[in-house]
$ cat upload-v7.txt   # compact mmCIF, C-alpha atoms
# COMPACT_ATOMS: atom_id res chain seq x y z
CA MET A 1 49.45 96.61 -13.72
CA THR A 2 50.70 98.32 -16.89
CA ASP A 3 47.27 97.78 -18.48
CA LEU A 4 45.58 99.86 -15.79
CA PRO A 5 44.67 103.50 -16.42
CA LYS A 6 47.27 105.94 -15.12
CA ASP A 7 45.12 107.09 -12.19
CA ASP A 8 44.48 103.50 -11.14
CA GLN A 9 48.21 102.72 -11.36
CA GLU A 10 48.98 105.59 -8.99
CA LEU A 11 46.33 104.34 -6.54
CA TRP A 12 47.73 100.80 -6.71
CA GLN A 13 51.25 102.04 -5.97
CA ARG A 14 49.97 103.78 -2.83
CA LEU A 15 48.45 100.55 -1.52
CA ASP A 16 50.43 98.66 1.13
CA TRP A 17 49.24 95.12 1.86
CA ASN A 18 50.62 95.31 5.40
CA ASP A 19 48.22 98.19 6.07
CA VAL A 20 45.34 96.25 4.54
CA ARG A 21 46.14 93.26 6.76
CA THR A 22 46.37 95.51 9.81
CA PHE A 23 43.04 97.14 8.91
CA LEU A 24 41.40 93.72 8.68
CA ALA A 25 42.75 92.79 12.12
CA VAL A 26 41.31 96.00 13.58
CA THR A 27 37.91 95.33 12.05
CA GLU A 28 37.88 91.71 13.23
CA CYS A 29 39.06 92.53 16.77
CA GLY A 30 36.98 95.68 17.22
CA SER A 31 39.76 97.69 18.87
CA LEU A 32 43.32 98.85 18.26
CA ASN A 33 44.61 97.22 21.45
CA ALA A 34 43.17 93.81 20.56
CA ALA A 35 44.54 94.05 17.02
CA ALA A 36 47.95 94.94 18.44
CA ARG A 37 47.93 91.80 20.60
CA LEU A 38 46.83 89.67 17.66
CA LEU A 39 49.58 90.96 15.35
CA GLY A 40 52.31 91.17 17.99
CA MET A 41 52.60 94.95 17.53
CA THR A 42 52.14 97.97 19.77
CA GLN A 43 48.95 100.02 19.90
CA PRO A 44 50.69 103.24 18.76
CA THR A 45 52.06 101.37 15.72
CA ILE A 46 48.60 100.13 14.81
CA SER A 47 47.16 103.63 15.25
CA ARG A 48 49.86 105.20 13.09
CA ARG A 49 49.37 102.64 10.34
CA MET A 50 45.64 103.26 10.27
CA GLU A 51 46.15 107.00 10.06
CA ASP A 52 48.59 106.54 7.17
CA PHE A 53 46.17 104.14 5.47
CA GLU A 54 43.31 106.63 5.71
CA TYR A 55 45.58 109.42 4.47
CA ARG A 56 46.62 107.46 1.37
CA LEU A 57 43.01 106.53 0.59
CA HIS A 58 41.75 110.07 1.33
CA ALA A 59 38.89 108.49 3.29
CA LYS A 60 37.81 108.13 6.92
CA LEU A 61 37.57 104.41 7.63
CA LEU A 62 37.29 104.18 11.42
CA GLU A 63 35.41 106.06 14.13
CA ARG A 64 37.26 105.68 17.43
CA SER A 65 35.56 105.67 20.82
CA SER A 66 36.20 104.43 24.35
CA ARG A 67 34.39 101.19 23.45
CA GLY A 68 36.56 100.46 20.41
CA VAL A 69 36.22 101.30 16.73
CA MET A 70 33.26 101.55 14.36
CA LEU A 71 33.48 101.31 10.59
CA THR A 72 32.37 104.21 8.48
CA GLU A 73 30.54 103.59 5.21
CA ALA A 74 33.88 103.78 3.40
CA GLY A 75 35.37 101.48 6.00
CA VAL A 76 32.72 98.81 5.36
CA ARG A 77 33.47 98.96 1.64
CA VAL A 78 37.23 98.68 2.20
CA ARG A 79 36.68 95.77 4.62
CA ASP A 80 34.68 93.80 2.04
CA LEU A 81 37.30 94.40 -0.65
CA ALA A 82 40.15 93.62 1.77
CA GLN A 83 38.55 90.31 2.72
CA SER A 84 38.38 89.41 -0.97
CA MET A 85 42.06 90.31 -1.30
CA ALA A 86 42.91 88.13 1.71
CA ARG A 87 41.04 85.16 0.25
CA LEU A 88 42.79 85.63 -3.09
CA GLY A 89 46.15 85.94 -1.34
CA GLY A 90 45.51 82.70 0.51
CA SER A 91 44.75 80.96 -2.78
CA ILE A 92 48.00 82.23 -4.25
CA MET A 93 49.99 80.93 -1.29
CA ARG A 94 48.29 77.54 -1.31
CA ASP A 95 48.27 76.97 -5.05
CA VAL A 96 51.45 78.63 -6.27
CA ALA A 97 54.05 79.53 -3.63
CA GLY A 98 54.57 76.01 -2.35
CA ARG A 99 55.23 74.66 -5.85
CA ASP A 100 58.48 76.51 -6.45
CA ASP A 101 60.79 73.52 -6.23
CA SER A 102 63.79 75.21 -7.81
CA ARG A 103 67.17 74.94 -6.12
CA VAL A 104 68.40 77.86 -8.21
CA GLY A 105 67.61 81.51 -7.57
CA ARG A 106 67.76 84.33 -5.05
CA VAL A 107 67.05 83.95 -1.34
CA ARG A 108 66.68 87.11 0.74
CA LEU A 109 67.66 87.16 4.40
CA ALA A 110 67.28 90.00 6.92
CA ALA A 111 69.82 89.95 9.78
CA PRO A 112 71.53 92.31 12.25
CA ASP A 113 74.76 93.70 10.84
CA GLY A 114 77.04 92.19 13.48
CA ILE A 115 75.63 88.71 12.96
CA ALA A 116 75.70 89.12 9.19
CA GLY A 117 79.24 90.45 9.14
CA TYR A 118 80.97 88.30 11.74
CA LEU A 119 79.00 85.04 11.79
CA LEU A 120 77.43 84.62 8.35
CA ALA A 121 79.73 86.34 5.86
CA PRO A 122 82.80 84.22 6.79
CA LYS A 123 80.77 81.07 6.04
CA VAL A 124 79.19 82.21 2.75
CA ALA A 125 81.93 80.71 0.59
CA GLN A 126 81.44 77.31 2.22
CA PHE A 127 77.67 77.61 1.77
CA HIS A 128 78.01 78.41 -1.93
CA MET A 129 80.32 75.45 -2.46
CA ALA A 130 77.50 73.20 -1.25
CA ASN A 131 74.69 75.23 -2.87
CA PRO A 132 76.11 76.84 -6.04
CA GLY A 133 72.70 77.74 -7.47
CA VAL A 134 71.60 79.97 -4.58
CA GLN A 135 72.08 83.73 -4.84
CA LEU A 136 72.08 84.99 -1.26
CA SER A 137 71.14 88.57 -0.29
CA ILE A 138 71.47 89.79 3.30
CA ASP A 139 69.67 92.99 4.33
CA CYS A 140 71.12 94.53 7.50
CA GLY A 141 68.62 97.41 7.59
CA LEU A 142 71.07 100.02 8.86
CA TRP A 143 69.19 103.01 7.51
CA ALA A 144 65.75 103.94 6.23
CA GLY A 145 65.21 102.97 2.63
CA SER A 146 67.98 100.37 2.64
CA MET A 147 65.59 97.43 2.43
CA LEU A 148 66.27 94.88 -0.29
CA GLU A 149 64.21 95.03 -3.45
CA ALA A 150 61.67 92.51 -2.10
CA GLU A 151 60.38 91.14 1.19
CA PRO A 152 62.93 88.80 2.82
CA ASP A 153 62.32 85.06 2.74
CA LEU A 154 63.98 84.60 6.15
CA TYR A 155 64.47 86.88 9.14
CA LEU A 156 67.05 86.73 11.92
CA GLU A 157 65.83 89.17 14.57
CA MET A 158 65.54 89.81 18.29
CA SER A 159 62.30 91.77 18.22
CA ASP A 160 59.49 90.81 20.60
CA GLU A 161 56.97 91.90 17.99
CA PHE A 162 56.39 89.89 14.84
CA SER A 163 53.54 89.00 12.53
CA GLN A 164 51.53 86.03 13.76
CA ASP A 165 51.53 84.49 10.29
CA LEU A 166 55.27 83.86 10.61
CA VAL A 167 56.91 80.74 12.01
CA SER A 168 59.22 81.83 14.85
CA ILE A 169 62.11 79.55 15.89
CA PRO A 170 64.47 80.43 18.77
CA ILE A 171 67.79 79.76 17.07
CA ALA A 172 70.33 81.04 19.62
CA THR A 173 70.75 82.70 23.02
CA LEU A 174 73.05 85.73 22.98
CA HIS A 175 74.75 86.19 26.34
CA TYR A 176 75.87 89.79 26.84
CA ALA A 177 78.72 90.89 29.08
CA ALA A 178 81.20 93.76 29.38
CA PHE A 179 84.24 93.53 27.09
CA ALA A 180 87.36 95.65 26.65
CA SER A 181 90.72 95.38 24.94
CA ARG A 182 93.81 94.52 26.95
CA GLU A 183 95.36 97.82 25.79
CA TYR A 184 92.46 99.79 27.24
CA LEU A 185 92.63 98.00 30.58
CA ASP A 186 96.40 98.47 30.79
CA LEU A 187 95.94 102.20 30.18
CA TYR A 188 92.86 102.96 32.31
CA GLY A 189 92.69 100.06 34.73
CA THR A 190 90.11 97.31 35.19
CA PRO A 191 86.79 98.28 36.80
CA GLU A 192 86.03 96.11 39.81
CA SER A 193 82.33 96.96 40.12
CA VAL A 194 79.42 98.51 38.27
CA VAL A 195 79.97 101.76 40.17
CA ASP A 196 83.61 101.73 39.10
CA LEU A 197 82.59 101.04 35.50
CA ILE A 198 80.56 104.23 35.30
CA LYS A 199 83.81 106.19 35.68
CA HIS A 200 85.26 104.55 32.55
CA ARG A 201 84.93 105.26 28.86
CA THR A 202 81.89 103.33 27.69
CA ILE A 203 80.58 102.45 24.24
CA ARG A 204 76.86 102.08 23.68
CA HIS A 205 74.92 100.24 21.02
CA THR A 206 71.58 101.99 20.57
CA SER A 207 69.63 98.87 19.60
CA HIS A 208 69.87 97.14 22.99
CA ARG A 209 66.17 97.70 23.62
CA GLU A 210 64.65 94.34 22.77
CA GLN A 211 63.47 91.72 25.28
CA ARG A 212 63.88 94.06 28.25
CA THR A 213 63.09 91.37 30.82
CA SER A 214 66.16 89.40 29.69
CA TRP A 215 68.53 92.16 30.91
CA SER A 216 69.91 92.38 34.45
CA THR A 217 69.36 95.34 36.78
CA GLU A 218 73.08 96.12 36.47
CA ALA A 219 72.82 96.49 32.72
CA THR A 220 69.77 98.73 33.08
CA ALA A 221 71.55 100.89 35.66
CA ILE A 222 74.65 101.28 33.50
CA GLY A 223 72.53 102.26 30.52
CA ALA A 224 70.90 104.98 32.60
CA LEU A 225 73.96 106.29 34.47
CA ALA A 226 77.00 105.80 32.25
CA LYS A 227 78.07 108.62 29.96
CA SER A 228 78.79 107.05 26.59
CA HIS A 229 81.92 108.25 24.83
CA PHE A 230 80.94 106.52 21.59
CA THR A 231 77.42 105.58 20.40
CA SER A 232 76.43 103.66 17.30
CA ASN A 233 73.52 101.70 15.87
CA SER A 234 75.99 99.31 14.22
CA SER A 235 77.19 96.17 16.00
CA ALA A 236 80.21 96.06 13.70
CA ALA A 237 81.20 99.65 14.58
CA THR A 238 80.76 98.92 18.29
CA PHE A 239 82.91 95.80 18.08
CA GLN A 240 85.68 97.51 16.15
CA ALA A 241 85.73 100.47 18.56
CA VAL A 242 86.17 98.11 21.54
CA ARG A 243 88.81 96.14 19.68
CA ALA A 244 90.72 99.36 19.01
CA GLY A 245 90.73 100.30 22.70
CA ALA A 246 88.11 103.07 22.60
CA GLY A 247 86.27 101.84 25.69
CA ILE A 248 84.11 99.19 27.33
CA ALA A 249 80.90 97.86 25.79
CA SER A 250 78.24 95.24 26.36
CA MET A 251 78.60 92.63 23.64
CA PRO A 252 77.54 89.01 23.13
CA THR A 253 80.11 86.50 24.33
CA TYR A 254 80.51 85.03 20.85
CA VAL A 255 82.86 87.96 20.13
CA ALA A 256 85.46 86.08 22.19
CA SER A 257 85.47 83.37 19.51
CA ILE A 258 86.19 86.02 16.86
CA ALA A 259 88.61 88.17 18.82
CA PRO A 260 90.05 86.05 21.67
CA GLU A 261 92.33 88.92 22.64
CA LEU A 262 89.34 90.82 24.08
CA VAL A 263 88.80 90.55 27.83
CA MET A 264 85.43 89.84 29.44
CA LEU A 265 85.20 91.83 32.66
CA GLU A 266 84.19 89.84 35.74
CA LEU A 267 81.02 91.84 36.34
CA GLY A 268 78.70 88.96 35.56
CA PRO A 269 76.55 88.34 32.46
CA TRP A 270 74.22 91.28 31.77
CA GLY A 271 71.55 89.82 29.52
CA ASN A 272 70.51 86.78 27.54
CA PRO A 273 68.09 87.79 24.77
CA MET A 274 67.04 85.23 22.18
CA LEU A 275 67.77 85.39 18.47
CA PHE A 276 64.86 84.14 16.36
CA LEU A 277 64.68 82.69 12.86
CA ARG A 278 61.34 83.66 11.31
CA HIS A 279 59.69 82.88 8.00
CA HIS A 280 56.37 82.10 6.35
CA GLY A 281 55.26 78.51 6.70
CA PHE A 282 55.47 77.72 2.99
CA VAL A 283 59.24 78.33 2.68
CA ASP A 284 59.98 74.77 3.76
CA GLN A 285 58.46 73.74 0.44
CA GLN A 286 60.95 75.89 -1.49
CA PRO A 287 64.23 73.94 -1.70
CA ARG A 288 66.57 76.89 -2.16
CA VAL A 289 65.09 78.74 0.85
CA LYS A 290 65.15 75.52 2.87
CA GLN A 291 68.85 75.17 2.03
CA VAL A 292 69.54 78.60 3.52
CA LYS A 293 67.39 77.82 6.56
CA ASP A 294 69.28 74.58 7.21
CA TRP A 295 72.58 76.45 6.81
CA LEU A 296 71.50 79.03 9.40
CA LEU A 297 70.54 76.28 11.84
CA SER A 298 74.03 74.81 11.44
CA VAL A 299 75.73 78.20 11.89
CA PHE A 300 74.02 78.61 15.26
CA ASP A 301 74.18 74.96 16.33
CA PRO A 302 74.84 75.15 20.11
CA ALA A 303 76.56 71.77 20.05
CA GLU A 304 79.28 73.27 17.85
CA GLN A 305 79.08 76.86 19.19
CA PRO A 306 78.68 76.72 23.00
CA TRP A 307 78.31 80.51 23.23
CA PHE A 308 74.79 80.12 21.76
CA ARG A 309 73.54 77.70 24.43
CA ARG A 310 70.77 78.68 26.83
CA GLU A 311 73.09 78.34 29.81
CA PHE A 312 75.85 80.90 30.22
CA ILE A 313 79.35 79.62 29.47
CA HIS A 314 82.30 81.84 30.28
CA PRO A 315 84.60 82.59 27.32
CA ASN A 316 87.48 81.10 29.32
CA ASP A 317 85.65 77.77 29.15
CA PHE A 318 84.79 77.77 25.44
CA GLY A 319 87.62 75.37 24.69
CA ARG A 320 86.10 72.70 26.92
CA TYR A 321 82.97 72.54 24.77
CA VAL A 322 84.22 73.11 21.23
CA PRO A 323 84.73 69.74 19.50
CA THR A 324 88.37 69.11 18.64
CA PRO A 325 88.78 68.28 14.94
CA PRO A 326 90.42 64.90 14.35
CA SER A 327 94.14 65.01 13.63
CA PRO A 328 95.02 64.19 10.03
CA ALA A 329 96.34 60.68 9.59
CA ARG A 330 100.08 60.58 9.17
CA ALA A 331 101.64 58.62 6.37
CA PRO A 332 103.99 55.88 7.63
CA LEU A 333 107.61 56.92 7.64
CA PRO A 334 109.74 55.21 4.99
CA GLU A 335 111.93 52.47 6.34
CA ARG A 336 115.54 53.47 6.70
CA LYS A 337 118.17 51.13 5.41
CA ALA A 338 120.91 50.31 7.84
CA THR A 339 124.20 51.90 6.90
CA ARG A 340 127.60 50.85 8.03
CA ARG A 341 129.78 53.55 9.34
CA ALA A 342 133.20 53.43 7.73
CA ALA A 343 136.18 52.92 10.01
CA GLY A 344 138.43 55.85 10.29
$ encode --input "upload-v7.txt" --output "structure tokens"
Amino acid sequence: MTDLPKDDQELWQRLDWNDVRTFLAVTECGSLNAAARLLGMTQPTISRRMEDFEYRLHAKLLERSSRGVMLTEAGVRVRDLAQSMARLGGSIMRDVAGRDDSRVGRVRLAAPDGIAGYLLAPKVAQFHMANPGVQLSIDCGLWAGSMLEAEPDLYLEMSDEFSQDLVSIPIATLHYAAFASREYLDLYGTPESVVDLIKHRTIRHTSHREQRTSWSTEATAIGALAKSHFTSNSSAATFQAVRAGAGIASMPTYVASIAPELVMLELGPWGNPMLFLRHHGFVDQQPRVKQVKDWLLSVFDPAEQPWFRREFIHPNDFGRYVPTPPSPARAPLPERKATRRAAG
């Protein structure tokens, strides 16, 4: 790109392949709604991307009508060039990407901050002992502009929407329920019903918006009626606030394996959204990425971690399902020689 004229470099920097791919989907489907279904996105997102794409190109590409979209003259030209880009991109993926057989190098993972901090980070040292050549980066995406320097190789996410060119594997079920510290309950009492809970200090995580059909009516009602005393977009901040006795929050039951002193309120499970592992199909041909993928599958193995199973298991019953590690073999005790007690 450094050999390009300055004006062409600036144009290249304004180009976003995701917008080009979205534009191609719109042209192939003939409407924003159909393209949204194809890409697993919402219609407003598609519309906004197309407006941004036109703005960056300083050209009108689409004419919208009740029957769909029509390409302008500039749109036809962009479509032809975009199709050439797509064909070239496919050649790169087929001929080059799958041949990276190195077990050394960086692997980029995107994951929610609570999962990254409490489930993955404690196991990183063990992973690196088995895979010393892998440099692991985890992007928790807590604020705009915080994305890692390149597109992640692997994604752990709960979003319903995802690109259809990604492989999507349900890796765990997260069972949500109400949790509080024993100190909080001793001070303010234990709510006996959802109505009673609304009178308590509650803590809300703002990202509980995915997979709406997986949440109970009780959880929806509490979200609408309860007055939150603490709100955060960080799972780690929410967890620590509950642990410190700041209030009651909906959290996945795996927190009981991290902080067994927390109390799950007997108000029933509130939701069971899925956590997905997503990646491009070619990553299985890249050994270092495959090593991280296999590690993630082991971290969320429901046979070892019952709180990730599809069926709900109460935290009080976790011990019944967690395999008991074998006791270390004891060395035989040395034989004692018989001693004769002296007469007084």
$ atom_distance --input "upload-v7.txt" --atom1 "atom CA of Ser168 of chain A" --atom2 "atom CA of Arg278 of chain A"
4.5 Å
$ atom_distance --input "upload-v7.txt" --atom1 "atom CA of Arg103 of chain A" --atom2 "atom CA of Pro287 of chain A"
5.4 Å
$ atom_distance --input "upload-v7.txt" --atom1 "atom CA of Arg48 of chain A" --atom2 "atom CA of Leu81 of chain A"
21.5 Å
$ residues_around --input "upload-v7.txt" --residues "Leu262 of chain A" --least-positions-apart "3" --cutoff "6 Å" --atoms "only C-alpha atoms" --output "VMD selection string"
chain A and resid 180 to 181 259
$ closest_residue --input "upload-v7.txt" --among "A:Pro122, A:Pro170, A:Gly30, A:Pro191" --to "Glu266 of chain A" --atoms "all atoms listed in the file"
A:Pro191
$ residues_around --input "upload-v7.txt" --residues "segment 128-143 of chain A" --least-positions-apart "4" --cutoff "8 Å" --atoms "all atoms listed in the file" --output "NGL selection string"
:A and (103-113 or 116 or 124 or 147-148 or 233-234 or 288 or 291)
$ closest_residue --input "upload-v7.txt" --among "A:Ala82, A:Val76, A:Leu57, A:Leu32" --to "Thr45 of chain A" --atoms "all atoms listed in the file"
A:Leu32
$ closest_residue --input "upload-v7.txt" --among "A:Leu265, A:Ala172, A:Asp52, A:Gly245" --to "Asn316 of chain A" --atoms "all atoms listed in the file"
A:Leu265
$ closest_residue --input "upload-v7.txt" --among "A:Ala249, A:Leu174, A:Met50, A:Leu187" --to "Ile313 of chain A" --atoms "all atoms listed in the file"
A:Leu174
$ closest_residue --input "upload-v7.txt" --among "A:Leu296, A:Leu275, A:Met251, A:Met158" --to "Arg310 of chain A" --atoms "all atoms listed in the file"
A:Leu275
$ closest_residue --input "upload-v7.txt" --among "A:Met70, A:Ala241, A:Ile115, A:Val78" --to "Tyr184 of chain A" --atoms "all atoms listed in the file"
A:Ala241
$ decode --input "upload-v7.txt" --residues "segment 54-92 of chain A" --atoms "N, CA and C atoms" --output "PDB file, in the first residue's frame"
ATOM      1  N   GLU A  54     -21.740   4.658   1.695  1.00  0.00           N
ATOM      2  CA  GLU A  54     -21.966   5.694   0.689  1.00  0.00           C
ATOM      3  C   GLU A  54     -21.281   7.000   1.081  1.00  0.00           C
ATOM      4  N   TYR A  55     -21.315   7.312   2.367  1.00  0.00           N
ATOM      5  CA  TYR A  55     -20.699   8.555   2.836  1.00  0.00           C
ATOM      6  C   TYR A  55     -19.188   8.521   2.607  1.00  0.00           C
ATOM      7  N   ARG A  56     -18.554   7.378   2.912  1.00  0.00           N
ATOM      8  CA  ARG A  56     -17.103   7.291   2.742  1.00  0.00           C
ATOM      9  C   ARG A  56     -16.710   7.330   1.271  1.00  0.00           C
ATOM     10  N   LEU A  57     -17.556   6.771   0.417  1.00  0.00           N
ATOM     11  CA  LEU A  57     -17.257   6.763  -1.020  1.00  0.00           C
ATOM     12  C   LEU A  57     -17.698   8.043  -1.716  1.00  0.00           C
ATOM     13  N   HIS A  58     -18.470   8.877  -1.005  1.00  0.00           N
ATOM     14  CA  HIS A  58     -19.024  10.109  -1.605  1.00  0.00           C
ATOM     15  C   HIS A  58     -19.811   9.784  -2.873  1.00  0.00           C
ATOM     16  N   ALA A  59     -20.610   8.712  -2.795  1.00  0.00           N
ATOM     17  CA  ALA A  59     -21.386   8.294  -3.975  1.00  0.00           C
ATOM     18  C   ALA A  59     -22.679   7.626  -3.525  1.00  0.00           C
ATOM     19  N   LYS A  60     -23.746   7.851  -4.289  1.00  0.00           N
ATOM     20  CA  LYS A  60     -25.020   7.179  -4.045  1.00  0.00           C
ATOM     21  C   LYS A  60     -24.980   5.834  -4.740  1.00  0.00           C
ATOM     22  N   LEU A  61     -25.124   4.759  -3.974  1.00  0.00           N
ATOM     23  CA  LEU A  61     -25.012   3.414  -4.527  1.00  0.00           C
ATOM     24  C   LEU A  61     -26.362   2.727  -4.689  1.00  0.00           C
ATOM     25  N   LEU A  62     -27.313   3.055  -3.813  1.00  0.00           N
ATOM     26  CA  LEU A  62     -28.591   2.347  -3.778  1.00  0.00           C
ATOM     27  C   LEU A  62     -29.751   3.327  -3.841  1.00  0.00           C
ATOM     28  N   GLU A  63     -30.771   2.951  -4.593  1.00  0.00           N
ATOM     29  CA  GLU A  63     -32.047   3.669  -4.601  1.00  0.00           C
ATOM     30  C   GLU A  63     -33.053   2.776  -3.890  1.00  0.00           C
ATOM     31  N   ARG A  64     -33.599   3.251  -2.769  1.00  0.00           N
ATOM     32  CA  ARG A  64     -34.511   2.454  -1.968  1.00  0.00           C
ATOM     33  C   ARG A  64     -35.946   2.715  -2.369  1.00  0.00           C
ATOM     34  N   SER A  65     -36.754   1.648  -2.367  1.00  0.00           N
ATOM     35  CA  SER A  65     -38.179   1.769  -2.661  1.00  0.00           C
ATOM     36  C   SER A  65     -38.927   0.703  -1.860  1.00  0.00           C
ATOM     37  N   SER A  66     -40.237   0.719  -1.946  1.00  0.00           N
ATOM     38  CA  SER A  66     -41.045  -0.269  -1.225  1.00  0.00           C
ATOM     39  C   SER A  66     -40.826  -1.676  -1.764  1.00  0.00           C
ATOM     40  N   ARG A  67     -40.313  -1.804  -2.970  1.00  0.00           N
ATOM     41  CA  ARG A  67     -40.081  -3.115  -3.578  1.00  0.00           C
ATOM     42  C   ARG A  67     -38.663  -3.634  -3.333  1.00  0.00           C
ATOM     43  N   GLY A  68     -37.819  -2.831  -2.693  1.00  0.00           N
ATOM     44  CA  GLY A  68     -36.453  -3.256  -2.434  1.00  0.00           C
ATOM     45  C   GLY A  68     -35.462  -2.167  -2.776  1.00  0.00           C
ATOM     46  N   VAL A  69     -34.319  -2.558  -3.315  1.00  0.00           N
ATOM     47  CA  VAL A  69     -33.290  -1.590  -3.673  1.00  0.00           C
ATOM     48  C   VAL A  69     -32.893  -1.769  -5.132  1.00  0.00           C
ATOM     49  N   MET A  70     -32.505  -0.661  -5.744  1.00  0.00           N
ATOM     50  CA  MET A  70     -31.999  -0.652  -7.125  1.00  0.00           C
ATOM     51  C   MET A  70     -30.614  -0.038  -7.106  1.00  0.00           C
ATOM     52  N   LEU A  71     -29.709  -0.566  -7.909  1.00  0.00           N
ATOM     53  CA  LEU A  71     -28.358  -0.039  -7.982  1.00  0.00           C
ATOM     54  C   LEU A  71     -28.309   1.183  -8.884  1.00  0.00           C
ATOM     55  N   THR A  72     -27.586   2.192  -8.421  1.00  0.00           N
ATOM     56  CA  THR A  72     -27.295   3.324  -9.274  1.00  0.00           C
ATOM     57  C   THR A  72     -26.144   2.945 -10.208  1.00  0.00           C
ATOM     58  N   GLU A  73     -25.782   3.836 -11.099  1.00  0.00           N
ATOM     59  CA  GLU A  73     -24.658   3.558 -11.990  1.00  0.00           C
ATOM     60  C   GLU A  73     -23.381   3.339 -11.188  1.00  0.00           C
ATOM     61  N   ALA A  74     -23.185   4.156 -10.154  1.00  0.00           N
ATOM     62  CA  ALA A  74     -22.018   3.968  -9.288  1.00  0.00           C
ATOM     63  C   ALA A  74     -22.124   2.652  -8.526  1.00  0.00           C
ATOM     64  N   GLY A  75     -23.352   2.295  -8.134  1.00  0.00           N
ATOM     65  CA  GLY A  75     -23.552   1.053  -7.421  1.00  0.00           C
ATOM     66  C   GLY A  75     -23.192  -0.165  -8.252  1.00  0.00           C
ATOM     67  N   VAL A  76     -23.532  -0.134  -9.545  1.00  0.00           N
ATOM     68  CA  VAL A  76     -23.192  -1.244 -10.440  1.00  0.00           C
ATOM     69  C   VAL A  76     -21.681  -1.396 -10.539  1.00  0.00           C
ATOM     70  N   ARG A  77     -20.988  -0.257 -10.637  1.00  0.00           N
ATOM     71  CA  ARG A  77     -19.528  -0.300 -10.736  1.00  0.00           C
ATOM     72  C   ARG A  77     -18.919  -0.862  -9.456  1.00  0.00           C
ATOM     73  N   VAL A  78     -19.415  -0.412  -8.306  1.00  0.00           N
ATOM     74  CA  VAL A  78     -18.892  -0.911  -7.026  1.00  0.00           C
ATOM     75  C   VAL A  78     -19.192  -2.397  -6.882  1.00  0.00           C
ATOM     76  N   ARG A  79     -20.386  -2.825  -7.325  1.00  0.00           N
ATOM     77  CA  ARG A  79     -20.733  -4.253  -7.231  1.00  0.00           C
ATOM     78  C   ARG A  79     -19.749  -5.097  -8.014  1.00  0.00           C
ATOM     79  N   ASP A  80     -19.424  -4.698  -9.248  1.00  0.00           N
ATOM     80  CA  ASP A  80     -18.514  -5.477 -10.078  1.00  0.00           C
ATOM     81  C   ASP A  80     -17.129  -5.566  -9.439  1.00  0.00           C
ATOM     82  N   LEU A  81     -16.662  -4.432  -8.898  1.00  0.00           N
ATOM     83  CA  LEU A  81     -15.347  -4.429  -8.256  1.00  0.00           C
ATOM     84  C   LEU A  81     -15.379  -5.250  -6.972  1.00  0.00           C
ATOM     85  N   ALA A  82     -16.489  -5.157  -6.212  1.00  0.00           N
ATOM     86  CA  ALA A  82     -16.607  -5.896  -4.960  1.00  0.00           C
ATOM     87  C   ALA A  82     -16.637  -7.400  -5.210  1.00  0.00           C
ATOM     88  N   GLN A  83     -17.289  -7.824  -6.291  1.00  0.00           N
ATOM     89  CA  GLN A  83     -17.310  -9.246  -6.621  1.00  0.00           C
ATOM     90  C   GLN A  83     -15.912  -9.750  -6.957  1.00  0.00           C
ATOM     91  N   SER A  84     -15.114  -8.907  -7.621  1.00  0.00           N
ATOM     92  CA  SER A  84     -13.731  -9.277  -7.902  1.00  0.00           C
ATOM     93  C   SER A  84     -12.935  -9.399  -6.608  1.00  0.00           C
ATOM     94  N   MET A  85     -13.185  -8.456  -5.667  1.00  0.00           N
ATOM     95  CA  MET A  85     -12.519  -8.528  -4.372  1.00  0.00           C
ATOM     96  C   MET A  85     -12.895  -9.810  -3.635  1.00  0.00           C
ATOM     97  N   ALA A  86     -14.175 -10.178  -3.686  1.00  0.00           N
ATOM     98  CA  ALA A  86     -14.642 -11.374  -2.991  1.00  0.00           C
ATOM     99  C   ALA A  86     -13.983 -12.628  -3.567  1.00  0.00           C
ATOM    100  N   ARG A  87     -13.878 -12.673  -4.906  1.00  0.00           N
ATOM    101  CA  ARG A  87     -13.230 -13.829  -5.532  1.00  0.00           C
ATOM    102  C   ARG A  87     -11.762 -13.903  -5.147  1.00  0.00           C
ATOM    103  N   LEU A  88     -11.094 -12.748  -5.108  1.00  0.00           N
ATOM    104  CA  LEU A  88      -9.690 -12.719  -4.725  1.00  0.00           C
ATOM    105  C   LEU A  88      -9.531 -13.111  -3.261  1.00  0.00           C
ATOM    106  N   GLY A  89     -10.449 -12.629  -2.408  1.00  0.00           N
ATOM    107  CA  GLY A  89     -10.395 -12.994  -1.002  1.00  0.00           C
ATOM    108  C   GLY A  89     -10.564 -14.486  -0.812  1.00  0.00           C
ATOM    109  N   GLY A  90     -11.478 -15.086  -1.575  1.00  0.00           N
ATOM    110  CA  GLY A  90     -11.665 -16.526  -1.492  1.00  0.00           C
ATOM    111  C   GLY A  90     -10.412 -17.288  -1.887  1.00  0.00           C
ATOM    112  N   SER A  91      -9.709 -16.788  -2.907  1.00  0.00           N
ATOM    113  CA  SER A  91      -8.464 -17.437  -3.330  1.00  0.00           C
ATOM    114  C   SER A  91      -7.415 -17.358  -2.238  1.00  0.00           C
ATOM    115  N   ILE A  92      -7.359 -16.197  -1.566  1.00  0.00           N
ATOM    116  CA  ILE A  92      -6.388 -16.051  -0.479  1.00  0.00           C
ATOM    117  C   ILE A  92      -6.678 -17.061   0.622  1.00  0.00           C
TER     118      ILE A  92
END
